[in-house]
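**Q** I am sharing final.cif, which consists of mmCIF, C-alpha atoms:
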```cif
data_entry
#
loop_
_atom_site.label_atom_id
_atom_site.label_comp_id
_atom_site.auth_asym_id
_atom_site.auth_seq_id
_atom_site.Cartn_x
_atom_site.Cartn_y
_atom_site.Cartn_z
CA MET C 1 139.12 92.77 106.18
CA ASN C 2 139.54 90.45 109.13
CA LEU C 3 137.58 90.83 112.33
CA LYS C 4 140.50 92.20 114.38
CA GLU C 5 141.07 94.99 111.88
CA TYR C 6 137.37 95.71 111.75
CA ILE C 7 137.21 95.99 115.54
CA ALA C 8 140.28 98.25 115.60
CA SER C 9 138.91 100.51 112.82
CA GLY C 10 136.77 102.64 115.12
CA ILE C 11 133.51 101.33 113.66
CA ILE C 12 132.28 100.19 117.10
CA GLU C 13 132.70 103.64 118.61
CA SER C 14 131.31 105.32 115.52
CA TYR C 15 128.22 103.09 115.53
CA VAL C 16 127.50 103.36 119.25
CA MET C 17 127.88 107.13 119.23
CA GLY C 18 125.55 107.52 116.28
CA LEU C 19 128.16 108.70 113.77
CA ALA C 20 128.14 105.74 111.38
CA SER C 21 126.50 106.14 107.97
CA ALA C 22 123.37 104.16 107.08
CA SER C 23 125.33 101.57 105.08
CA GLU C 24 127.96 101.25 107.84
CA ARG C 25 125.19 100.64 110.35
CA VAL C 26 123.60 97.90 108.28
CA GLU C 27 126.97 96.22 107.80
CA PHE C 28 127.87 96.54 111.48
CA GLU C 29 124.58 95.03 112.61
CA GLN C 30 125.03 92.09 110.25
CA MET C 31 128.60 91.59 111.45
CA CYS C 32 127.47 91.70 115.11
CA ALA C 33 124.85 89.04 114.42
CA GLN C 34 127.47 86.90 112.76
CA TYR C 35 130.39 87.44 115.18
CA PRO C 36 129.60 87.30 118.91
CA GLU C 37 133.11 88.60 119.60
CA LEU C 38 132.26 91.83 117.82
CA ALA C 39 128.97 92.18 119.70
CA ALA C 40 130.88 91.61 122.96
CA GLU C 41 133.34 94.38 122.05
CA ARG C 42 130.43 96.68 121.28
CA LYS C 43 128.89 95.91 124.65
CA LYS C 44 132.16 96.68 126.41
CA PHE C 45 132.34 100.11 124.84
CA GLU C 46 128.66 100.77 125.54
CA GLU C 47 129.23 99.93 129.19
CA SER C 48 132.19 102.24 129.57
CA LEU C 49 130.30 105.04 127.82
CA GLU C 50 127.33 104.51 130.12
CA GLN C 51 129.55 104.38 133.19
CA TYR C 52 131.26 107.62 132.21
CA ALA C 53 127.99 109.35 131.34
CA SER C 54 126.56 108.39 134.74
CA GLU C 55 129.60 109.80 136.51
CA GLN C 56 129.14 113.03 134.57
CA ALA C 57 125.41 113.35 135.24
CA VAL C 58 123.83 116.81 135.56
CA ARG C 59 120.64 117.06 137.57
CA PRO C 60 117.76 118.26 135.37
CA PRO C 61 115.35 120.96 136.58
CA THR C 62 113.07 119.34 139.19
CA GLU C 63 109.78 120.23 137.48
CA VAL C 64 110.68 118.22 134.38
CA LYS C 65 109.94 114.80 135.86
CA ALA C 66 106.37 115.67 136.87
CA LYS C 67 105.70 117.19 133.44
CA ILE C 68 106.92 114.05 131.68
CA LEU C 69 104.97 111.65 133.88
CA LYS C 70 101.84 113.73 133.39
CA ALA C 71 102.35 113.76 129.63
CA ILE C 72 102.66 109.99 129.37
CA VAL C 73 99.58 109.39 131.52
CA THR C 74 97.65 111.77 129.24
CA MET C 75 98.97 109.92 126.18
CA GLU C 76 97.96 106.53 127.55
CA ASN C 77 94.49 107.75 128.52
CA GLY C 78 94.04 109.22 125.06
CA LYS C 79 94.92 105.86 123.54
CA THR C 80 92.52 103.93 125.76
CA GLU C 81 89.68 106.30 124.92
CA ALA C 82 90.47 106.12 121.23
CA SER C 83 90.39 102.32 121.25
CA GLN C 84 87.10 102.07 123.13
CA MET S 85 119.26 105.15 146.13
CA GLY S 86 116.34 104.61 148.49
CA MET S 87 114.34 102.88 145.79
CA SER S 88 112.16 99.98 146.77
CA ILE S 89 112.21 98.39 143.33
CA THR S 90 115.28 97.69 141.27
CA TYR S 91 115.45 96.20 137.82
CA THR S 92 117.91 94.31 135.73
CA GLU S 93 118.25 95.81 132.26
CA GLN S 94 116.25 92.88 130.84
CA GLY S 95 113.49 93.33 133.40
CA LEU S 96 113.39 97.06 132.90
CA VAL S 97 113.08 96.74 129.14
CA ALA S 98 110.32 94.14 129.47
CA ALA S 99 108.39 96.33 131.92
CA LEU S 100 108.79 99.40 129.71
CA LYS S 101 107.57 97.55 126.67
CA GLU S 102 104.47 96.68 128.70
CA ARG S 103 104.04 100.39 129.42
CA ASP S 104 104.63 100.13 133.14
CA ASN S 105 104.56 103.64 134.65
CA GLN S 106 106.58 102.62 137.66
CA ALA S 107 109.34 101.26 135.46
CA PHE S 108 109.29 104.51 133.54
CA ALA S 109 109.67 106.55 136.72
CA PHE S 110 112.59 104.31 137.67
CA LEU S 111 114.09 104.86 134.23
CA TYR S 112 113.82 108.60 134.72
CA ASP S 113 115.38 108.53 138.16
CA HIS S 114 118.30 106.46 136.96
CA TYR S 115 119.10 107.94 133.60
CA SER S 116 117.81 111.51 133.54
CA GLY S 117 121.07 112.96 134.90
CA ALA S 118 123.25 111.25 132.30
CA LEU S 119 120.87 112.21 129.48
CA TYR S 120 120.46 115.78 130.69
CA SER S 121 124.23 116.04 130.75
CA ILE S 122 124.55 115.24 127.05
CA ILE S 123 121.68 117.61 126.24
CA ARG S 124 123.45 120.42 128.09
CA GLN S 125 126.68 119.65 126.29
CA ILE S 126 124.88 120.25 122.99
CA VAL S 127 122.29 122.90 123.89
CA THR S 128 124.88 124.83 125.83
CA ASP S 129 123.49 128.30 126.13
CA ASN S 130 119.97 128.02 127.35
CA SER S 131 118.77 125.77 130.12
CA GLU S 132 115.09 126.43 129.37
CA PHE S 133 115.55 124.85 125.98
CA ALA S 134 117.44 121.97 127.57
CA GLY S 135 114.51 121.28 129.91
CA ASP S 136 112.16 121.17 126.92
CA VAL S 137 114.47 118.80 125.08
CA MET S 138 114.54 116.59 128.14
CA GLN S 139 110.75 116.30 128.12
CA GLU S 140 110.70 115.56 124.44
CA VAL S 141 113.36 112.88 124.88
CA PHE S 142 111.56 110.97 127.61
CA ILE S 143 108.24 111.19 125.83
CA ASN S 144 109.96 109.81 122.71
CA ILE S 145 111.54 107.02 124.75
CA TRP S 146 108.10 106.09 126.04
CA ARG S 147 106.54 106.27 122.58
CA LYS S 148 109.29 104.42 120.75
CA MET S 149 109.94 101.76 123.36
CA GLU S 150 108.38 99.03 121.24
CA SER S 151 110.90 99.68 118.48
CA TYR S 152 113.91 99.39 120.80
CA ASP S 153 115.86 96.28 119.77
CA GLN S 154 118.24 94.85 122.35
CA ALA S 155 120.18 93.02 119.66
CA LYS S 156 121.41 96.37 118.35
CA GLY S 157 122.68 97.73 121.62
CA ARG S 158 122.09 98.60 125.23
CA LEU S 159 119.10 100.58 126.42
CA PHE S 160 121.30 103.47 127.51
CA THR S 161 122.98 103.69 124.09
CA TRP S 162 119.57 103.88 122.44
CA MET S 163 118.40 106.61 124.82
CA LEU S 164 121.66 108.53 124.50
CA ASN S 165 121.22 108.68 120.73
CA ILE S 166 117.61 109.83 121.08
CA ALA S 167 118.81 112.57 123.44
CA ARG S 168 121.68 113.63 121.20
CA ASN S 169 119.45 113.78 118.12
CA ALA S 170 116.75 115.78 119.88
CA ALA S 171 119.33 118.22 121.25
CA ILE S 172 120.84 118.72 117.80
CA ASP S 173 117.39 119.32 116.29
CA THR S 174 116.84 122.03 118.90
CA LEU S 175 120.26 123.54 118.26
CA ARG S 176 119.21 123.97 114.63
CA SER S 177 115.72 125.24 115.31
CA LYS S 178 114.78 128.82 114.48
CA SER S 179 113.54 129.54 117.98
CA TYR S 180 116.82 128.47 119.57
CA GLN S 181 118.87 130.44 117.07
CA ASN S 182 116.72 133.51 117.65
CA SER S 183 117.15 133.16 121.39
CA GLN S 184 120.90 133.12 120.80
CA LYS S 185 120.74 136.40 118.91
CA ASN S 186 118.75 137.96 121.72
CA GLN S 187 121.33 137.12 124.33
CA GLU S 188 123.12 140.31 125.25
CA LEU S 189 126.33 138.97 126.67
CA PRO S 190 128.53 137.18 124.19
CA ASP S 191 130.46 135.19 126.75
CA ASN S 192 129.17 132.02 128.34
CA GLU S 193 130.94 132.66 131.60
CA TYR S 194 129.12 135.90 132.24
CA ARG S 195 125.73 134.43 131.51
CA GLY S 196 126.43 131.52 133.79
CA ALA S 197 127.55 133.77 136.61
CA SER S 198 124.11 135.29 137.15
CA ASN S 199 122.56 132.02 138.26
CA GLN S 200 125.50 130.07 139.51
CA THR S 201 123.67 128.88 142.57
CA THR S 202 121.14 126.88 140.62
CA GLN S 203 123.22 125.66 137.74
CA GLN S 204 126.28 123.55 137.41
CA ASN S 205 128.94 124.82 135.08
CA VAL S 206 128.44 122.76 131.95
CA ASP S 207 131.32 124.04 129.87
CA ASN S 208 133.52 121.28 131.04
CA ILE S 209 131.51 118.16 131.62
CA GLY S 210 131.12 114.74 130.15
CA LEU S 211 132.54 113.92 126.77
CA LYS S 212 133.40 117.58 126.21
CA LYS S 213 135.92 117.30 129.00
CA VAL S 214 137.52 114.23 127.40
CA LEU S 215 137.53 116.02 124.06
CA GLU S 216 140.04 118.50 125.40
CA LYS S 217 142.62 115.75 125.56
CA LEU S 218 142.51 115.25 121.80
CA LYS S 219 144.72 116.93 119.23
CA PRO S 220 143.04 120.13 117.95
CA GLU S 221 142.59 118.75 114.42
CA HIS S 222 140.77 115.74 115.86
CA ARG S 223 138.85 117.70 118.46
CA VAL S 224 137.28 120.08 115.96
CA LEU S 225 135.97 117.20 113.84
CA VAL S 226 134.38 115.41 116.79
CA GLU S 227 132.92 118.70 117.95
CA LEU S 228 131.32 119.28 114.53
CA ALA S 229 130.14 115.70 114.05
CA TYR S 230 129.04 114.67 117.53
CA PHE S 231 128.08 117.92 119.23
CA LYS S 232 126.86 119.92 116.22
CA GLY S 233 125.44 117.04 114.18
CA PHE S 234 127.12 117.72 110.85
CA THR S 235 127.52 114.80 108.46
CA HIS S 236 130.98 113.69 107.38
CA GLU S 237 130.20 115.11 103.92
CA GLU S 238 129.27 118.50 105.34
CA ILE S 239 132.41 118.59 107.43
CA SER S 240 134.51 117.66 104.45
CA GLY S 241 133.08 120.67 102.59
CA MET S 242 133.30 123.08 105.52
CA MET S 243 136.87 122.22 106.43
CA ALA S 244 138.11 121.52 102.89
CA ILE S 245 139.39 118.10 103.98
CA PRO S 246 138.83 114.99 101.82
CA LEU S 247 135.90 112.85 102.98
CA GLY S 248 138.10 109.83 103.59
CA THR S 249 140.36 111.87 105.84
CA VAL S 250 137.40 113.21 107.80
CA LYS S 251 136.16 109.69 108.38
CA THR S 252 139.58 108.33 109.38
CA ARG S 253 140.30 111.22 111.74
CA ILE S 254 136.91 110.95 113.43
CA ARG S 255 137.31 107.22 113.91
CA ASN S 256 140.80 107.66 115.30
CA ALA S 257 139.56 110.39 117.60
CA LEU S 258 136.77 108.13 118.89
CA LEU S 259 139.27 105.33 119.52
CA GLN S 260 141.31 107.75 121.60
CA LEU S 261 138.21 108.95 123.45
CA ARG S 262 137.51 105.37 124.31
CA GLU S 263 140.91 105.05 125.95
CA TYR S 264 140.25 108.15 128.06
CA LEU S 265 136.91 106.80 129.25
CA LYS S 266 138.54 103.85 130.92
#
```
Now, as a test, write the supplied structure out as structure tokens.
**A**
Amino acid sequence: MNLKEYIASGIIESYVMGLASASERVEFEQMCAQYPELAAERKKFEESLEQYASEQAVRPPTEVKAKILKAIVTMENGKTEASQ
Amino acid sequence: MGMSITYTEQGLVAALKERDNQAFAFLYDHYSGALYSIIRQIVTDNSEFAGDVMQEVFINIWRKMESYDQAKGRLFTWMLNIARNAAIDTLRSKSYQNSQKNQELPDNEYRGASNQTTQQNVDNIGLKKVLEKLKPEHRVLVELAYFKGFTHEEISGMMAIPLGTVKTRIRNALLQLREYLK
């Protein structure tokens, strides 16, 4: 298969959205490393997905942020104590 | 945004890998809405569960940051997949399924109506909204694969469609979705 066909096959979208199989992922990552044009196409799709997702943002409950920040501080402190 | 510090994606990733709390707070402020949106599109019926998933997702992002590889994709893509996977795990959990059974009203709209002031209507947001533009036979496959987390093999069995057809239809559907995102 040539690169143009590969790009047009939907593999980029399938990979980025987490729907590619394990073997498809391995192949896609190798192809991206080999063909900068493919990696550039992947990036383009990632950017439009990100742009769209940001436009469609839903504000999470306000208390969530504090809970998360507290949890990571606790995790980090736990680690420091464990390593001392 | 009113933020005193801004980051390039490179700089943000580097700071996160060094476990910089401030960078993590910035990450939350910038991406939590987009990630919460995808969680709500999957865990549709219970916002308490969605809040829990959100916490789990950001804690996982923090924990797994070292394994994030920029060569494989953008930071947002990586986080989006963590969020989608965590939401699907919750969707399949016993506690979520039990909470579904305990809901008295069968219709989403009625449940949403009781607390409309605090919640956005999430029936029609994000990728779900774009999905509506697809042909029904494509839409159902993307719904099952992306929003419900079924494998192509499972879908093939459930829908009695050959595996190759499932794969081709999903890929074609995603190519169409891409056009609608532009």
**Q** Using only C-alpha atoms, can you tell me which of S:Arg158, S:Arg103, S:Lys217, S:Lys148 comes closest to Leu49 in chain C?
**A**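 Smallest separation from Leu49 in chain C among the options: S:Arg158.
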**Q** Return as a Markdown table the residues of chain C lying at most 8 Å from chain S, together with the closest atom-to-atom pair for each and the distance in Å to one decimal, counting all atoms listed in the file, with rows in chain order and ascending residue number.
**A**
```
| residue | atom | partner | partner_atom | distance |
| --- | --- | --- | --- | --- |
| C:Ser9 | CA | S:Arg255 | CA | 7.0 |
| C:Gly10 | CA | S:Arg255 | CA | 4.8 |
| C:Ile11 | CA | S:Arg255 | CA | 7.0 |
| C:Glu13 | CA | S:Leu258 | CA | 6.1 |
| C:Ser14 | CA | S:Arg255 | CA | 6.5 |
| C:Val16 | CA | S:Thr161 | CA | 6.6 |
| C:Met17 | CA | S:Asn165 | CA | 7.0 |
| C:Gly18 | CA | S:Asn165 | CA | 6.3 |
| C:Leu19 | CA | S:Tyr230 | CA | 7.1 |
| C:Glu29 | CA | S:Lys156 | CA | 6.7 |
| C:Arg42 | CA | S:Gly157 | CA | 7.8 |
| C:Lys43 | CA | S:Gly157 | CA | 7.1 |
| C:Phe45 | CA | S:Arg262 | CA | 7.4 |
| C:Glu46 | CA | S:Thr161 | CA | 6.5 |
| C:Ser48 | CA | S:Leu265 | CA | 6.6 |
| C:Leu49 | CA | S:Leu265 | CA | 7.0 |
| C:Glu50 | CA | S:Phe160 | CA | 6.7 |
| C:Tyr52 | CA | S:Leu265 | CA | 6.4 |
| C:Ala53 | CA | S:Ala118 | CA | 5.2 |
| C:Ser54 | CA | S:Ala118 | CA | 5.0 |
| C:Glu55 | CA | S:Ala118 | CA | 7.8 |
| C:Gln56 | CA | S:Gly210 | CA | 5.1 |
| C:Ala57 | CA | S:Ala118 | CA | 4.2 |
| C:Val58 | CA | S:Gly117 | CA | 4.8 |
| C:Arg59 | CA | S:Gly117 | CA | 4.9 |
| C:Pro60 | CA | S:Tyr120 | CA | 5.9 |
| C:Pro61 | CA | S:Gly135 | CA | 6.7 |
| C:Val64 | CA | S:Gln139 | CA | 6.5 |
| C:Lys65 | CA | S:Tyr112 | CA | 7.4 |
| C:Lys67 | CA | S:Gln139 | CA | 7.4 |
| C:Ile68 | CA | S:Gln139 | CA | 5.7 |
| C:Leu69 | CA | S:Ala109 | CA | 7.5 |
| C:Ala71 | CA | S:Ile143 | CA | 7.5 |
| C:Ile72 | CA | S:Ile143 | CA | 6.7 |
```
**Q** Nearest to Ile145 in chain S among S:Val127, S:Ala171, S:Leu100, S:Leu225, with distances taken over all atoms listed in the file: which residue is it?
**A**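 Using all atoms listed in the file, Ile145 in chain S sits closest to S:Leu100.
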**Q** Just how far from CA of Thr80 in chain C is CA of Phe110 in chain S, in Å to one decimal?
**A**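 Between CA of Phe110 in chain S and CA of Thr80 in chain C the gap is 23.3 Å.
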**Q** For each of S:Gln125, S:Asn130, S:Ser179, S:Ser240, take the minimum atom-to-atom distance to Leu215 in chain S, counting all atoms listed in the file, then give the residue where this is smallest.
**A**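 Under the stated criterion, the closest residue is S:Gln125.
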**Q** Which one of C:Ile12, C:Thr62, C:Glu41, C:Lys4 sits closest to Glu27 in chain C if you count all atoms listed in the file?
**A**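 Among the listed residues, C:Ile12 lies closest to Glu27 in chain C.
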**Q** Hey, can you check how far CA of Lys212 in chain S sits from CA of Leu175 in chain S?
**A**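 Separating CA of Lys212 in chain S from CA of Leu175 in chain S is a distance of 16.5 Å.
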**Q** What's the 9 Å shell around Leu3 in chain C, counting only C-alpha atoms, without same-chain residues fewer than 5 positions away, as a ChimeraX atom specification?
**A** /C:8,35,37-38
**Q** What's the separation between CA of Glu24 in chain C and CA of Lys44 in chain C, in Å to one decimal place?
**A**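 So the answer is 19.6 Å.
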**Q** Rank S:Val137, S:Ala107, S:Lys101, S:Gln184 by their smallest atom-to-atom distance to Ile89 in chain S, using only C-alpha atoms, and report the top residue only.
**A** S:Ala107
